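K.L.:
Below is the structure I would like to discuss, written out as structure tokens.
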Protein chains: 2
Amino acid sequence: MNGVSRVRIRPARSSDVAAIVAMLADDALGRGRERIEDPLPPSYLQAFEKVERDPNIQLVVAEGEGGEVIGCLQLCILPGLSSQGASRGLIEDVRVASHYRKPRHRRTAGAMGRRGGAIERLQIGRAAHAQTRESMRSASTNGWGFQASHVGMTIRF
Amino acid sequence: MNGVSRVRIRPARSSDVAAIVAMLADDALGRGRERIEDPLPPSYLQAFEKVERDPNIQLVVAEGEGGEVIGCLQLCILPGLSSQGASRGLIEDVRVASHYRKPRHRRTAGAMGRRGGAIERLQIGRAAHAQTRESMRSASTNGWGFQASHVGMTIRF
């Protein structure tokens with residue numbers, strides 16, 4: 001059980017982009033959606049720069065013992081009028097590297113939610129609540145305290 | 001059927017905040033969440049100012065024939081790495097004033113989605129797709145082209 005303390009949560013850097021994209025591509029949906037090439041398509045780095053410039057968005061990674069990137073997620077804090085003008089927190093694109101075997105996978109996902117992780121960062125950002133979407137592939141946010149609350153709807157352009 | 005052309009979609013101004021809050025409060029969930037007072041609690045105007053400063057967020061209203069505010073919604077365009085660095089569009093807090101009788105209610109909601117409305121604004125903002133949440137109360141976004149895609153999860157702090 002001592003693996004927990006060895007996962008470090010920190011803001012993503014541009015040098016993490018390839019590792020993040022590899023995790024995004026590593027499921028049935030992502031495989032068709034992402035492009036893993038060397039060098040990576042420039043749209044990924046351009047998007048990283050947009051995220052970096054946006055004070056309401058944080059891309060964070062989980063780092064394993066050897067400094068390797070083993071998890072990622074994106075946080076957004078969105079101002080709005082509803083709930084007496086409370087900001088809402090969004091947690092998107094939660095992924096843990098699949099080569100992490102099951103118990104370690106679960107610990108990594110747990111660390112991303114816990115102290116220093118997603119939920120605390122949204123609270124520091126003064127979000128009144130956090131929302132996420134249930135992944136088709138894995139419930140990485142299991143145990144973070146989320147409850148099903150609504151049906152999400154999408155249009156692809 | 002000529003009511004459609006008389007609904008005008010425009011960015012919200014601070015003088016619209018009271019009308020927007022009245023619509024947000026006018027359902028079972030909103031009633032317990034909002035505070036309708038005169039003057040309004042300052043948190044609403046503070047939130048409006050935050051929204052105004054955020055280049056990724058647009059609060060828009062639908063205006064009826066006499067210039068009265070009869071609908072609202074909030075758009076966000078969020079950069080991110082997934083889908084080859086595509087931005088995602090969010091449509092939140094869609095409301096139509098309840099004193100609008102049913103057919104007019106539906107036309108107003110329709111106008112908010114159509115040309116000049118939410119979907120087009122997100123496309124202009126280069127979002128690759130749009131997401132929204134199905135309201136507990138009314139399907140204001142019916143006919144805009146959304147399909148159920150995921151289970152939304154919430155934690156309240």
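If you're wondering about the labels, chains in the structure tokens are A, B, ... by order shown, residues count from 1 in each chain, ligands from 1 in order shown.
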Find the residues of chain A in contact range of chain B, meaning any atom within 6 Å when counting only C-alpha atoms, and list them as a PDB file with N, CA, C and O atoms, in the first residue's frame.
P.N.:
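The resulting file, result-v7.pdb, is shown below:
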ATOM      1  N   ARG A  33      -9.666   8.577 -32.498  1.00  0.00           N
ATOM      2  CA  ARG A  33      -9.771  10.035 -32.403  1.00  0.00           C
ATOM      3  C   ARG A  33      -8.417  10.728 -32.427  1.00  0.00           C
ATOM      4  O   ARG A  33      -8.310  11.882 -32.820  1.00  0.00           O
ATOM      5  N   GLU A  34      -7.380  10.031 -31.933  1.00  0.00           N
ATOM      6  CA  GLU A  34      -6.065  10.683 -31.792  1.00  0.00           C
ATOM      7  C   GLU A  34      -5.132  10.239 -32.913  1.00  0.00           C
ATOM      8  O   GLU A  34      -5.400   9.253 -33.603  1.00  0.00           O
ATOM      9  N   SER A  43      -1.109  20.188 -33.875  1.00  0.00           N
ATOM     10  CA  SER A  43      -2.342  20.644 -33.208  1.00  0.00           C
ATOM     11  C   SER A  43      -2.314  20.346 -31.709  1.00  0.00           C
ATOM     12  O   SER A  43      -2.911  21.072 -30.914  1.00  0.00           O
ATOM     13  N   TYR A  44      -1.587  19.288 -31.309  1.00  0.00           N
ATOM     14  CA  TYR A  44      -1.538  18.969 -29.874  1.00  0.00           C
ATOM     15  C   TYR A  44      -0.763  20.035 -29.096  1.00  0.00           C
ATOM     16  O   TYR A  44      -1.175  20.473 -28.030  1.00  0.00           O
ATOM     17  N   ALA A  47      -2.722  23.217 -28.914  1.00  0.00           N
ATOM     18  CA  ALA A  47      -3.766  23.136 -27.884  1.00  0.00           C
ATOM     19  C   ALA A  47      -3.153  23.280 -26.500  1.00  0.00           C
ATOM     20  O   ALA A  47      -3.720  23.953 -25.619  1.00  0.00           O
ATOM     21  N   VAL A  51      -4.152  26.002 -23.585  1.00  0.00           N
ATOM     22  CA  VAL A  51      -4.477  25.615 -22.206  1.00  0.00           C
ATOM     23  C   VAL A  51      -3.589  26.400 -21.239  1.00  0.00           C
ATOM     24  O   VAL A  51      -4.055  26.923 -20.218  1.00  0.00           O
ATOM     25  N   PRO A  79     -16.757  30.351 -14.404  1.00  0.00           N
ATOM     26  CA  PRO A  79     -17.695  31.250 -13.748  1.00  0.00           C
ATOM     27  C   PRO A  79     -19.064  31.163 -14.432  1.00  0.00           C
ATOM     28  O   PRO A  79     -19.172  30.739 -15.580  1.00  0.00           O
ATOM     29  N   GLY A  80     -20.106  31.529 -13.718  1.00  0.00           N
ATOM     30  CA  GLY A  80     -21.462  31.521 -14.282  1.00  0.00           C
ATOM     31  C   GLY A  80     -22.416  32.110 -13.268  1.00  0.00           C
ATOM     32  O   GLY A  80     -22.064  32.280 -12.097  1.00  0.00           O
ATOM     33  N   LEU A  81     -23.626  32.442 -13.709  1.00  0.00           N
ATOM     34  CA  LEU A  81     -24.579  33.090 -12.798  1.00  0.00           C
ATOM     35  C   LEU A  81     -25.293  32.108 -11.874  1.00  0.00           C
ATOM     36  O   LEU A  81     -25.666  32.473 -10.756  1.00  0.00           O
ATOM     37  N   SER A  83     -26.606  29.147  -9.267  1.00  0.00           N
ATOM     38  CA  SER A  83     -26.194  28.860  -7.888  1.00  0.00           C
ATOM     39  C   SER A  83     -25.552  30.093  -7.238  1.00  0.00           C
ATOM     40  O   SER A  83     -24.455  30.021  -6.688  1.00  0.00           O
ATOM     41  N   GLN A  84     -26.250  31.233  -7.371  1.00  0.00           N
ATOM     42  CA  GLN A  84     -25.808  32.501  -6.760  1.00  0.00           C
ATOM     43  C   GLN A  84     -24.427  32.923  -7.234  1.00  0.00           C
ATOM     44  O   GLN A  84     -23.626  33.473  -6.480  1.00  0.00           O
ATOM     45  N   GLY A  85     -24.163  32.642  -8.506  1.00  0.00           N
ATOM     46  CA  GLY A  85     -22.902  33.093  -9.080  1.00  0.00           C
ATOM     47  C   GLY A  85     -21.714  32.224  -8.705  1.00  0.00           C
ATOM     48  O   GLY A  85     -20.580  32.686  -8.736  1.00  0.00           O
ATOM     49  N   ALA A 128     -17.802  25.697  -6.638  1.00  0.00           N
ATOM     50  CA  ALA A 128     -18.814  25.274  -5.668  1.00  0.00           C
ATOM     51  C   ALA A 128     -19.142  23.799  -5.809  1.00  0.00           C
ATOM     52  O   ALA A 128     -19.636  23.164  -4.898  1.00  0.00           O
ATOM     53  N   HIS A 129     -18.887  23.269  -6.984  1.00  0.00           N
ATOM     54  CA  HIS A 129     -19.083  21.845  -7.187  1.00  0.00           C
ATOM     55  C   HIS A 129     -18.204  21.398  -8.353  1.00  0.00           C
ATOM     56  O   HIS A 129     -17.658  22.225  -9.076  1.00  0.00           O
ATOM     57  N   ALA A 130     -18.069  20.098  -8.482  1.00  0.00           N
ATOM     58  CA  ALA A 130     -17.252  19.550  -9.565  1.00  0.00           C
ATOM     59  C   ALA A 130     -18.115  18.618 -10.393  1.00  0.00           C
ATOM     60  O   ALA A 130     -18.969  17.916  -9.859  1.00  0.00           O
ATOM     61  N   GLN A 131     -17.897  18.625 -11.702  1.00  0.00           N
ATOM     62  CA  GLN A 131     -18.606  17.690 -12.554  1.00  0.00           C
ATOM     63  C   GLN A 131     -17.609  16.939 -13.418  1.00  0.00           C
ATOM     64  O   GLN A 131     -16.552  17.457 -13.765  1.00  0.00           O
ATOM     65  N   THR A 132     -17.977  15.715 -13.745  1.00  0.00           N
ATOM     66  CA  THR A 132     -17.164  14.938 -14.669  1.00  0.00           C
ATOM     67  C   THR A 132     -18.087  14.044 -15.469  1.00  0.00           C
ATOM     68  O   THR A 132     -19.297  14.001 -15.226  1.00  0.00           O
ATOM     69  N   ARG A 133     -17.519  13.354 -16.457  1.00  0.00           N
ATOM     70  CA  ARG A 133     -18.304  12.434 -17.264  1.00  0.00           C
ATOM     71  C   ARG A 133     -17.787  11.042 -17.037  1.00  0.00           C
ATOM     72  O   ARG A 133     -16.589  10.837 -16.935  1.00  0.00           O
ATOM     73  N   GLU A 134     -18.702  10.095 -16.935  1.00  0.00           N
ATOM     74  CA  GLU A 134     -18.284   8.718 -16.712  1.00  0.00           C
ATOM     75  C   GLU A 134     -17.645   8.181 -17.983  1.00  0.00           C
ATOM     76  O   GLU A 134     -18.234   8.248 -19.051  1.00  0.00           O
ATOM     77  N   PHE A 146     -18.060  11.214  -6.557  1.00  0.00           N
ATOM     78  CA  PHE A 146     -19.031  11.652  -7.573  1.00  0.00           C
ATOM     79  C   PHE A 146     -20.296  10.812  -7.523  1.00  0.00           C
ATOM     80  O   PHE A 146     -20.253   9.621  -7.235  1.00  0.00           O
ATOM     81  N   GLN A 147     -21.421  11.471  -7.845  1.00  0.00           N
ATOM     82  CA  GLN A 147     -22.674  10.745  -8.008  1.00  0.00           C
ATOM     83  C   GLN A 147     -23.296  11.108  -9.348  1.00  0.00           C
ATOM     84  O   GLN A 147     -23.223  12.267  -9.784  1.00  0.00           O
ATOM     85  N   ALA A 148     -23.924  10.123  -9.975  1.00  0.00           N
ATOM     86  CA  ALA A 148     -24.582  10.367 -11.266  1.00  0.00           C
ATOM     87  C   ALA A 148     -25.648  11.430 -11.065  1.00  0.00           C
ATOM     88  O   ALA A 148     -26.447  11.364 -10.127  1.00  0.00           O
ATOM     89  N   SER A 149     -25.673  12.455 -11.898  1.00  0.00           N
ATOM     90  CA  SER A 149     -26.575  13.584 -11.686  1.00  0.00           C
ATOM     91  C   SER A 149     -27.352  14.002 -12.926  1.00  0.00           C
ATOM     92  O   SER A 149     -28.369  14.663 -12.819  1.00  0.00           O
ATOM     93  N   HIS A 150     -26.880  13.651 -14.093  1.00  0.00           N
ATOM     94  CA  HIS A 150     -27.552  14.146 -15.289  1.00  0.00           C
ATOM     95  C   HIS A 150     -27.138  13.325 -16.512  1.00  0.00           C
ATOM     96  O   HIS A 150     -26.194  12.545 -16.458  1.00  0.00           O
ATOM     97  N   VAL A 151     -27.894  13.530 -17.581  1.00  0.00           N
ATOM     98  CA  VAL A 151     -27.553  12.874 -18.846  1.00  0.00           C
ATOM     99  C   VAL A 151     -26.774  13.883 -19.685  1.00  0.00           C
ATOM    100  O   VAL A 151     -27.227  15.004 -19.891  1.00  0.00           O
ATOM    101  N   GLY A 152     -25.590  13.502 -20.111  1.00  0.00           N
ATOM    102  CA  GLY A 152     -24.788  14.384 -20.961  1.00  0.00           C
ATOM    103  C   GLY A 152     -25.146  14.170 -22.420  1.00  0.00           C
ATOM    104  O   GLY A 152     -25.416  13.046 -22.845  1.00  0.00           O
ATOM    105  N   MET A 153     -25.198  15.253 -23.167  1.00  0.00           N
ATOM    106  CA  MET A 153     -25.628  15.228 -24.566  1.00  0.00           C
ATOM    107  C   MET A 153     -24.517  15.830 -25.431  1.00  0.00           C
ATOM    108  O   MET A 153     -23.855  16.782 -25.014  1.00  0.00           O
ATOM    109  N   THR A 154     -24.345  15.312 -26.626  1.00  0.00           N
ATOM    110  CA  THR A 154     -23.263  15.781 -27.507  1.00  0.00           C
ATOM    111  C   THR A 154     -23.759  15.961 -28.935  1.00  0.00           C
ATOM    112  O   THR A 154     -24.617  15.212 -29.397  1.00  0.00           O
ATOM    113  N   ILE A 155     -23.245  16.965 -29.614  1.00  0.00           N
ATOM    114  CA  ILE A 155     -23.325  17.091 -31.072  1.00  0.00           C
ATOM    115  C   ILE A 155     -21.890  17.147 -31.575  1.00  0.00           C
ATOM    116  O   ILE A 155     -21.108  17.948 -31.067  1.00  0.00           O
ATOM    117  N   ARG A 156     -21.541  16.344 -32.568  1.00  0.00           N
ATOM    118  CA  ARG A 156     -20.229  16.494 -33.228  1.00  0.00           C
ATOM    119  C   ARG A 156     -20.424  17.303 -34.502  1.00  0.00           C
ATOM    120  O   ARG A 156     -21.337  17.037 -35.262  1.00  0.00           O
ATOM    121  N   PHE A 157     -19.584  18.303 -34.716  1.00  0.00           N
ATOM    122  CA  PHE A 157     -19.736  19.172 -35.899  1.00  0.00           C
ATOM    123  C   PHE A 157     -19.048  18.566 -37.112  1.00  0.00           C
ATOM    124  O   PHE A 157     -18.119  17.803 -36.975  1.00  0.00           O
TER     125      PHE A 157
END
K.L.:
When you count only C-alpha atoms, which of these residues is closest to Ile124 of chain B: B:Met112, B:Ala12, B:Ile77, B:Ala97?
P.N.:
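Using only C-alpha atoms, the shortest distance to Ile124 of chain B belongs to B:Ile77.
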K.L.:
Can you pull out every residue within 12 Å of Val7 of chain B, counting only C-alpha atoms, but drop anything in the same chain fewer than 2 positions away, and send it as JSON, numbers by chain?
P.N.:
{"B": [1, 2, 3, 4, 5, 9, 10, 61, 62, 63, 64, 65, 66, 67, 68, 69, 70, 71, 72, 96, 104, 105, 106, 107, 108, 109, 110, 111, 112, 113, 114, 115, 116, 117]}
K.L.:
Rounded to one decimal place, report the atom CA of Asp16 of chain B-atom CA of Gly143 of chain B distance in Å.
P.N.:
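These atoms are spaced 26.3 Å apart.
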K.L.:
Please run DSSP on the backbone and report, as a PyMOL selection string, all residues within segment 2-157 of chain B that come out as alpha helix (DSSP H).
P.N.:
chain B and resi 17-25+28-33+42-53+82-85+102-113+118-124
K.L.:
What parts of chain A does DSSP call strand (DSSP E or B)? I'd like the answer as number ranges by chain.
P.N.:
A: 8-11, 57-63, 69-78, 87-96, 127-133, 147-156
